[in-house]
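Asker: One structure, pasted below without further comment.
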Amino acid sequence: MPELGPIGSNCLANARDFQIPVAAYEHDTKSEWKLYNKFRGQLFRGKQSHTPFDVVAWEGRYYPYKYDLGRFNTIGTISYDHPDPSLNTVLTATSNAHPGTAIADFVIFPPRWLVAEDTFRPPSYHRNCMSEFMGLIHGSYIAKEGGKGGFQAAGASLHNCMSSHGPDLGAFEKASNEELVPVKTGA
């Protein structure tokens, strides 16, 4: 299993929810297989006499898997303040050179309840010690609402190491003036 973030391997992204394919072998030596690869804008083609799907088993920690992001168990604050987004880490790639330091985290913000009182609910303005790449699968993001210049589904943003970022003006004004009642977000 991959590293599952700062909360630990048996909490938010449970090992039982990662699915690995069942080993299967296709033994077809009569067909010719064409393989296509696109590299630097050019298309390449190769031929082989056996199926490209001839992997029977995997060894060690590295093997293909899939994970339903809907199975991620979200946690958050039930009192005040915006919790550190690392609470939403599904997978992390740790540095061999600097133990305890992530070189990349895969973090999601699934549907969840926002109930914090007397606080600014969107993420605060901040900087990170690593680059932050965010993508929005569906719905909206509390710090950058959809619309002109907003963060829309299938969109992405990149904040490089130590670059300041946070909510846009519209999100700031909305969060500063809205009544703080429990609300479901990300649905």
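Residues are named by chain letter and number: chains run A, B, ... in the order of the structure tokens, numbers start at 1 in each chain, and ligands are numbered from 1 in the order shown.
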Please return, as a ChimeraX atom specification, all residues of chain A that DSSP assigns to helix (DSSP H, G or I) on the basis of the backbone.

Answerer: /A:15-17,69-71,85-88,169-177

Asker: Keeping N, CA and C atoms, export the residues of the selection given above as a PDB file, in the first residue's frame.

Answerer:
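Output below, filename result35.pdb:
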```
ATOM      1  N   ALA A  15      -7.230   0.711   3.875  1.00  0.00           N
ATOM      2  CA  ALA A  15      -6.577  -0.239   2.969  1.00  0.00           C
ATOM      3  C   ALA A  15      -7.596  -1.141   2.282  1.00  0.00           C
ATOM      4  N   ARG A  16      -8.662  -1.484   2.977  1.00  0.00           N
ATOM      5  CA  ARG A  16      -9.666  -2.391   2.396  1.00  0.00           C
ATOM      6  C   ARG A  16     -10.380  -1.787   1.189  1.00  0.00           C
ATOM      7  N   ASP A  17     -10.306  -0.455   1.043  1.00  0.00           N
ATOM      8  CA  ASP A  17     -10.994   0.205  -0.059  1.00  0.00           C
ATOM      9  C   ASP A  17     -10.143   0.350  -1.317  1.00  0.00           C
ATOM     10  N   LEU A  69     -12.814   7.502  -4.498  1.00  0.00           N
ATOM     11  CA  LEU A  69     -12.653   8.662  -3.621  1.00  0.00           C
ATOM     12  C   LEU A  69     -13.876   8.898  -2.744  1.00  0.00           C
ATOM     13  N   GLY A  70     -15.019   8.345  -3.128  1.00  0.00           N
ATOM     14  CA  GLY A  70     -16.219   8.459  -2.305  1.00  0.00           C
ATOM     15  C   GLY A  70     -16.118   7.679  -1.007  1.00  0.00           C
ATOM     16  N   ARG A  71     -15.152   6.791  -0.891  1.00  0.00           N
ATOM     17  CA  ARG A  71     -14.949   5.996   0.332  1.00  0.00           C
ATOM     18  C   ARG A  71     -14.062   6.715   1.345  1.00  0.00           C
ATOM     19  N   PRO A  85      -5.269  21.433   5.684  1.00  0.00           N
ATOM     20  CA  PRO A  85      -5.755  20.576   4.605  1.00  0.00           C
ATOM     21  C   PRO A  85      -5.081  19.213   4.534  1.00  0.00           C
ATOM     22  N   SER A  86      -3.951  19.037   5.206  1.00  0.00           N
ATOM     23  CA  SER A  86      -3.296  17.726   5.180  1.00  0.00           C
ATOM     24  C   SER A  86      -4.180  16.649   5.809  1.00  0.00           C
ATOM     25  N   LEU A  87      -5.215  17.050   6.547  1.00  0.00           N
ATOM     26  CA  LEU A  87      -6.164  16.074   7.084  1.00  0.00           C
ATOM     27  C   LEU A  87      -6.870  15.317   5.975  1.00  0.00           C
ATOM     28  N   ASN A  88      -6.893  15.885   4.777  1.00  0.00           N
ATOM     29  CA  ASN A  88      -7.585  15.275   3.646  1.00  0.00           C
ATOM     30  C   ASN A  88      -6.641  14.543   2.702  1.00  0.00           C
ATOM     31  N   LEU A 169     -11.393  37.348  -4.047  1.00  0.00           N
ATOM     32  CA  LEU A 169     -12.132  38.432  -3.406  1.00  0.00           C
ATOM     33  C   LEU A 169     -13.595  38.061  -3.165  1.00  0.00           C
ATOM     34  N   GLY A 170     -14.227  37.435  -4.158  1.00  0.00           N
ATOM     35  CA  GLY A 170     -15.630  37.046  -4.002  1.00  0.00           C
ATOM     36  C   GLY A 170     -15.830  36.071  -2.856  1.00  0.00           C
ATOM     37  N   ALA A 171     -14.967  35.075  -2.760  1.00  0.00           N
ATOM     38  CA  ALA A 171     -15.064  34.094  -1.677  1.00  0.00           C
ATOM     39  C   ALA A 171     -14.783  34.749  -0.327  1.00  0.00           C
ATOM     40  N   PHE A 172     -13.816  35.663  -0.289  1.00  0.00           N
ATOM     41  CA  PHE A 172     -13.494  36.372   0.955  1.00  0.00           C
ATOM     42  C   PHE A 172     -14.700  37.172   1.449  1.00  0.00           C
ATOM     43  N   GLU A 173     -15.312  37.939   0.542  1.00  0.00           N
ATOM     44  CA  GLU A 173     -16.456  38.765   0.937  1.00  0.00           C
ATOM     45  C   GLU A 173     -17.642  37.907   1.359  1.00  0.00           C
ATOM     46  N   LYS A 174     -17.905  36.839   0.633  1.00  0.00           N
ATOM     47  CA  LYS A 174     -19.022  35.951   0.976  1.00  0.00           C
ATOM     48  C   LYS A 174     -18.797  35.329   2.350  1.00  0.00           C
ATOM     49  N   ALA A 175     -17.605  34.785   2.593  1.00  0.00           N
ATOM     50  CA  ALA A 175     -17.314  34.121   3.864  1.00  0.00           C
ATOM     51  C   ALA A 175     -17.273  35.105   5.029  1.00  0.00           C
ATOM     52  N   SER A 176     -16.912  36.342   4.761  1.00  0.00           N
ATOM     53  CA  SER A 176     -16.833  37.349   5.823  1.00  0.00           C
ATOM     54  C   SER A 176     -18.207  37.839   6.255  1.00  0.00           C
ATOM     55  N   ASN A 177     -19.207  37.675   5.402  1.00  0.00           N
ATOM     56  CA  ASN A 177     -20.525  38.239   5.688  1.00  0.00           C
ATOM     57  C   ASN A 177     -21.636  37.213   5.860  1.00  0.00           C
TER      58      ASN A 177
END
```

Asker: Contacts of Phe44 of chain A at 12 Å or less, counting only C-alpha atoms, minus same-chain residues fewer than 6 places along, as a ChimeraX atom specification?

Answerer: /A:34-38

Asker: Which value, in Å to one decimal, gives the distance between atom CA of Ile78 of chain A and atom CA of Ala116 of chain A?

Answerer: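 Between atom CA of Ile78 of chain A and atom CA of Ala116 of chain A the gap works out to 5.7 Å.
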
Asker: Can you list, as an MDAnalysis selection string, every protein, DNA or RNA residue that comes within 9 Å of Ala24 of chain A when you count only C-alpha atoms, leaving out same-chain residues fewer than 5 positions away?

Answerer: chainID A and resid 53:57

Asker: Using DSSP on the backbone coordinates, identify all residues within segment 14-91 of chain A classified as strand (DSSP E); present the result as a list in words.

Answerer: Phe18, Gln19, Trp33, Lys34, Leu35, Tyr36, Asn37, Lys38, Phe39, Gln42, Leu43, Phe44, Arg45, Gly46, Lys47, Gln48, Lys66, Tyr67, Thr89, Val90 and Leu91 of chain A

Asker: From the options A:Ile137, A:Val183, A:Ile142, A:Val115, which residue's atoms come nearest to Ala154 of chain A, counting only C-alpha atoms?

Answerer: A:Ile137

Asker: What's around segment 158-160 of chain A at 8 Å? Count only C-alpha atoms, leave out sequence neighbours fewer than 5 positions away in its own chain, and write the answer as a list in words.

Answerer: Met130, Ser131, Glu132, Phe133, Met134 and His165 of chain A

Asker: With N, CA and C atoms retained, write the just-selected residues as a PDB file, in the first residue's frame.

Answerer:
```
ATOM      1  N   MET A 130       6.020  23.085  -0.142  1.00  0.00           N
ATOM      2  CA  MET A 130       6.076  22.328  -1.390  1.00  0.00           C
ATOM      3  C   MET A 130       5.045  22.912  -2.345  1.00  0.00           C
ATOM      4  N   SER A 131       5.159  22.598  -3.601  1.00  0.00           N
ATOM      5  CA  SER A 131       4.197  23.090  -4.585  1.00  0.00           C
ATOM      6  C   SER A 131       2.844  22.428  -4.360  1.00  0.00           C
ATOM      7  N   GLU A 132       1.784  23.155  -4.647  1.00  0.00           N
ATOM      8  CA  GLU A 132       0.422  22.664  -4.456  1.00  0.00           C
ATOM      9  C   GLU A 132      -0.291  22.713  -5.797  1.00  0.00           C
ATOM     10  N   PHE A 133      -0.705  21.551  -6.288  1.00  0.00           N
ATOM     11  CA  PHE A 133      -1.479  21.461  -7.525  1.00  0.00           C
ATOM     12  C   PHE A 133      -2.861  20.965  -7.146  1.00  0.00           C
ATOM     13  N   MET A 134      -3.878  21.725  -7.476  1.00  0.00           N
ATOM     14  CA  MET A 134      -5.247  21.362  -7.117  1.00  0.00           C
ATOM     15  C   MET A 134      -6.078  21.150  -8.364  1.00  0.00           C
ATOM     16  N   HIS A 165      -1.049  32.342  -1.498  1.00  0.00           N
ATOM     17  CA  HIS A 165      -2.330  32.138  -2.166  1.00  0.00           C
ATOM     18  C   HIS A 165      -3.430  31.957  -1.128  1.00  0.00           C
TER      19      HIS A 165
END
```
